Amino acid sequence: MVTAVLFVQNAAPNSITQFHDLISNELPVPLGPWSFDLKIFLNNKYSKPSNIHPSQVPNRYLYSLQLSYLPQKTITIINNTKSITTVTSLTANVSEKGSEVSNSKDSKDVSNSKNAKLKEHFLKGCSLNTTTDSFDLFVMNKLQNLWALKQVIKGESGYGYLINVANINSEDSARGHETFKIRTSNCFLHGTFKGFLIEIEHIETTASEEAQNIIMSFSKSISKIKTLIEVYKFPQGRLCFNVLSDSKLDYESDLCQQYSDALQF
């Protein structure tokens, strides 16, 4: 999965309506409403060794992203270099009497699936932990001497679509169609409307040799996203598709990176 975020600053209401009509004409599969919450923290320059002047301390940023379609997760990147993903609660299969079911096949399958995802996240250079509080709340309550909350950007009235479009790249004519997830949202900074966000995800529906080459696969997916924007005349805006690491692509961390790049006010 490769994503990009398009941000249309100060979008007019009629342009937002026209875009939804455009997507509806493609007979999409509705993904339903969604929302997001992006918090931006700045490091405290006075929290430093005594022999260093505050003016010598560079600005460092911490971005914390919560997406309603990834429930109970908080994705955090620090200074565009490190990624942390936290889960606010654990789910367990329980019987009617409330005791944990530890020997059922379904329970083991779920556990194995979760462990595989955790291992994959670790191997891609990201850390993951489970806590009872979201990480942004932990930062505000426990690390307030290190990080100060500067901005809270909220995405509201969002809606998602799954669309299949006729092949948009001539070199892939044998594929027949391309599949994308498109999520839109109105963005607000402290209650003030700032613009219209479009999250675009290209879904690779078939395995290919190119998928083994991360750079080539990523470049082709971004090319298809750009072609989709051009062919379907998406609103003009700032398109962000940077990733945290070129050699270790990670869906959640890269998405947080793209949100932090796009929502710069």
# chains A, B, ... in the order shown; residues from 1 in each chain; ligands from 1
call {"tool": "residues_around", "arguments": {"residues": "A:Val152", "least_positions_apart": "6", "cutoff": "8 Å", "atoms": "only C-alpha atoms", "output": "list in words"}}
result
Asp37, Leu38, Lys39, Ile40, Leu189 and His190 of chain A
call {"tool": "write_last_selection", "arguments": {"atoms": "C-alpha atoms", "output": "PDB file, in the first residue's frame"}}
result
ATOM      1  CA  ASP A  37      -6.672  14.394  14.876  1.00  0.00           C
ATOM      2  CA  LEU A  38      -3.126  15.724  14.382  1.00  0.00           C
ATOM      3  CA  LYS A  39      -1.253  17.261  17.309  1.00  0.00           C
ATOM      4  CA  ILE A  40       2.002  19.149  16.784  1.00  0.00           C
ATOM      5  CA  LEU A 189      -7.143  24.573  13.190  1.00  0.00           C
ATOM      6  CA  HIS A 190      -8.511  25.651  16.570  1.00  0.00           C
TER       7      HIS A 190
END
call {"tool": "closest_atom_pairs", "arguments": {"of": "stretch 156-262 of chain A", "to": "stretch 58-82 of chain A", "cutoff": "8 Å", "atoms": "only C-alpha atoms", "output": "CSV"}}
result
residue,atom,partner,partner_atom,distance
A:Leu244,CA,A:Thr81,CA,6.4
A:Glu252,CA,A:Ile75,CA,6.8
A:Ser253,CA,A:Ile75,CA,6.7
A:Cys256,CA,A:Leu65,CA,6.2
A:Gln257,CA,A:Asn80,CA,6.9
A:Ser260,CA,A:Tyr63,CA,6.7
call {"tool": "write_last_selection", "arguments": {"atoms": "N, CA and C atoms", "output": "PDB file, in the first residue's frame"}}
result
ATOM      1  N   LEU A 244       9.215   8.053   5.613  1.00  0.00           N
ATOM      2  CA  LEU A 244      10.173   8.194   6.705  1.00  0.00           C
ATOM      3  C   LEU A 244      11.529   7.595   6.332  1.00  0.00           C
ATOM      4  N   GLU A 252       1.851   3.070   8.163  1.00  0.00           N
ATOM      5  CA  GLU A 252       1.367   3.998   9.181  1.00  0.00           C
ATOM      6  C   GLU A 252       2.336   5.157   9.403  1.00  0.00           C
ATOM      7  N   SER A 253       3.618   4.852   9.530  1.00  0.00           N
ATOM      8  CA  SER A 253       4.610   5.904   9.764  1.00  0.00           C
ATOM      9  C   SER A 253       4.684   6.867   8.585  1.00  0.00           C
ATOM     10  N   CYS A 256       1.726   9.254   8.550  1.00  0.00           N
ATOM     11  CA  CYS A 256       1.902  10.338   9.518  1.00  0.00           C
ATOM     12  C   CYS A 256       2.869  11.384   8.977  1.00  0.00           C
ATOM     13  N   GLN A 257       3.926  10.939   8.320  1.00  0.00           N
ATOM     14  CA  GLN A 257       4.879  11.865   7.699  1.00  0.00           C
ATOM     15  C   GLN A 257       4.182  12.748   6.664  1.00  0.00           C
ATOM     16  N   SER A 260       1.916  15.356   8.302  1.00  0.00           N
ATOM     17  CA  SER A 260       2.684  16.444   8.908  1.00  0.00           C
ATOM     18  C   SER A 260       3.256  17.376   7.846  1.00  0.00           C
TER      19      SER A 260
END
call {"tool": "residues_around", "arguments": {"residues": "A:Pro28", "least_positions_apart": "6", "cutoff": "6 Å", "atoms": "only C-alpha atoms", "output": "VMD selection string"}}
result
chain A and resid 161 to 163
call {"tool": "select_by_dssp", "arguments": {"residues": "stretch 133-174 of chain A", "states": "strand (DSSP E or B)", "output": "PyMOL selection string"}}
result
chain A and resi 147-166
call {"tool": "closest_residue", "arguments": {"among": "A:Asn145, A:Gln56, A:Gln236, A:Asn167", "to": "A:Asn43", "atoms": "only C-alpha atoms"}}
result
A:Asn145
call {"tool": "residues_around", "arguments": {"residues": "A:Phe180", "least_positions_apart": "2", "cutoff": "9 Å", "atoms": "only C-alpha atoms", "output": "PDB file with C-alpha atoms, in the first residue's frame"}}
result
ATOM      1  CA  TYR A 161     -14.471   5.649  -1.001  1.00  0.00           C
ATOM      2  CA  LEU A 162     -13.024   2.568  -2.656  1.00  0.00           C
ATOM      3  CA  ILE A 163     -12.897   2.975  -6.427  1.00  0.00           C
ATOM      4  CA  ASN A 164     -11.800   0.853  -9.364  1.00  0.00           C
ATOM      5  CA  VAL A 165     -10.789   2.932 -12.355  1.00  0.00           C
ATOM      6  CA  GLU A 178      -6.441   0.140 -10.717  1.00  0.00           C
ATOM      7  CA  ILE A 182      -9.842   7.912  -1.348  1.00  0.00           C
ATOM      8  CA  ILE A 200      -5.151   8.674  -1.657  1.00  0.00           C
ATOM      9  CA  GLU A 201      -4.028   5.072  -1.275  1.00  0.00           C
ATOM     10  CA  HIS A 202      -3.035   2.910  -4.221  1.00  0.00           C
ATOM     11  CA  ILE A 203      -3.779  -0.755  -3.614  1.00  0.00           C
ATOM     12  CA  GLU A 204      -1.646  -3.285  -5.447  1.00  0.00           C
ATOM     13  CA  ILE A 225      -1.674   8.460  -7.995  1.00  0.00           C
TER      14      ILE A 225
END
call {"tool": "residues_around", "arguments": {"residues": "A:Ser134", "least_positions_apart": "3", "cutoff": "9 Å", "atoms": "only C-alpha atoms", "output": "compact mmCIF listing (two decimals) with N, CA and C atoms, in the first residue's frame"}}
result
# COMPACT_ATOMS: atom_id res chain seq x y z
N GLN A 72 -8.03 3.08 18.15
CA GLN A 72 -7.19 2.83 19.32
C GLN A 72 -5.70 2.96 19.03
N LYS A 73 -5.34 3.47 17.86
CA LYS A 73 -3.93 3.63 17.52
C LYS A 73 -3.54 5.11 17.49
N THR A 74 -2.33 5.38 17.94
CA THR A 74 -1.73 6.70 17.81
C THR A 74 -0.38 6.53 17.12
N THR A 86 1.46 3.40 19.09
CA THR A 86 0.95 2.87 20.34
C THR A 86 -0.50 2.44 20.18
N VAL A 87 -0.88 1.43 20.94
CA VAL A 87 -2.25 0.92 20.96
C VAL A 87 -2.80 1.17 22.35
N THR A 88 -3.98 1.78 22.43
CA THR A 88 -4.48 2.21 23.73
C THR A 88 -5.16 1.11 24.53
N THR A 131 -0.42 0.58 25.72
CA THR A 131 -0.60 1.39 26.91
C THR A 131 -2.08 1.68 27.10
N LEU A 137 -1.53 11.92 24.87
CA LEU A 137 -1.94 12.23 26.24
C LEU A 137 -0.79 12.00 27.22
N PHE A 138 -0.02 10.95 26.97
CA PHE A 138 1.15 10.67 27.80
C PHE A 138 2.17 11.81 27.69
N VAL A 139 2.38 12.31 26.47
CA VAL A 139 3.33 13.41 26.27
C VAL A 139 2.86 14.66 27.00
call {"tool": "select_by_dssp", "arguments": {"residues": "stretch 180-257 of chain A", "states": "helix (DSSP H, G or I)", "output": "MDAnalysis selection string"}}
result
chainID A and resid 209:212 214:231 251:257
call {"tool": "closest_residue", "arguments": {"among": "A:Lys226, A:His20, A:Lys150, A:Lys220", "to": "A:Arg238", "atoms": "only C-alpha atoms"}}
result
A:Lys226
call {"tool": "atom_distance", "arguments": {"atom1": "atom CA of A:Asn14", "atom2": "atom CA of A:Ile222"}}
result
27.6 Å
call {"tool": "closest_residue", "arguments": {"among": "A:Gln264, A:Thr17, A:Ser35, A:Ser223", "to": "A:Ser185", "atoms": "only C-alpha atoms"}}
result
A:Ser35
call {"tool": "closest_residue", "arguments": {"among": "A:Leu255, A:Phe265, A:Leu146, A:Tyr159", "to": "A:Thr85", "atoms": "only C-alpha atoms"}}
result
A:Leu255
call {"tool": "residues_around", "arguments": {"residues": "A:Leu6", "least_positions_apart": "6", "cutoff": "9 Å", "atoms": "only C-alpha atoms", "output": "ChimeraX atom specification"}}
result
/A:196-200,235-241,262
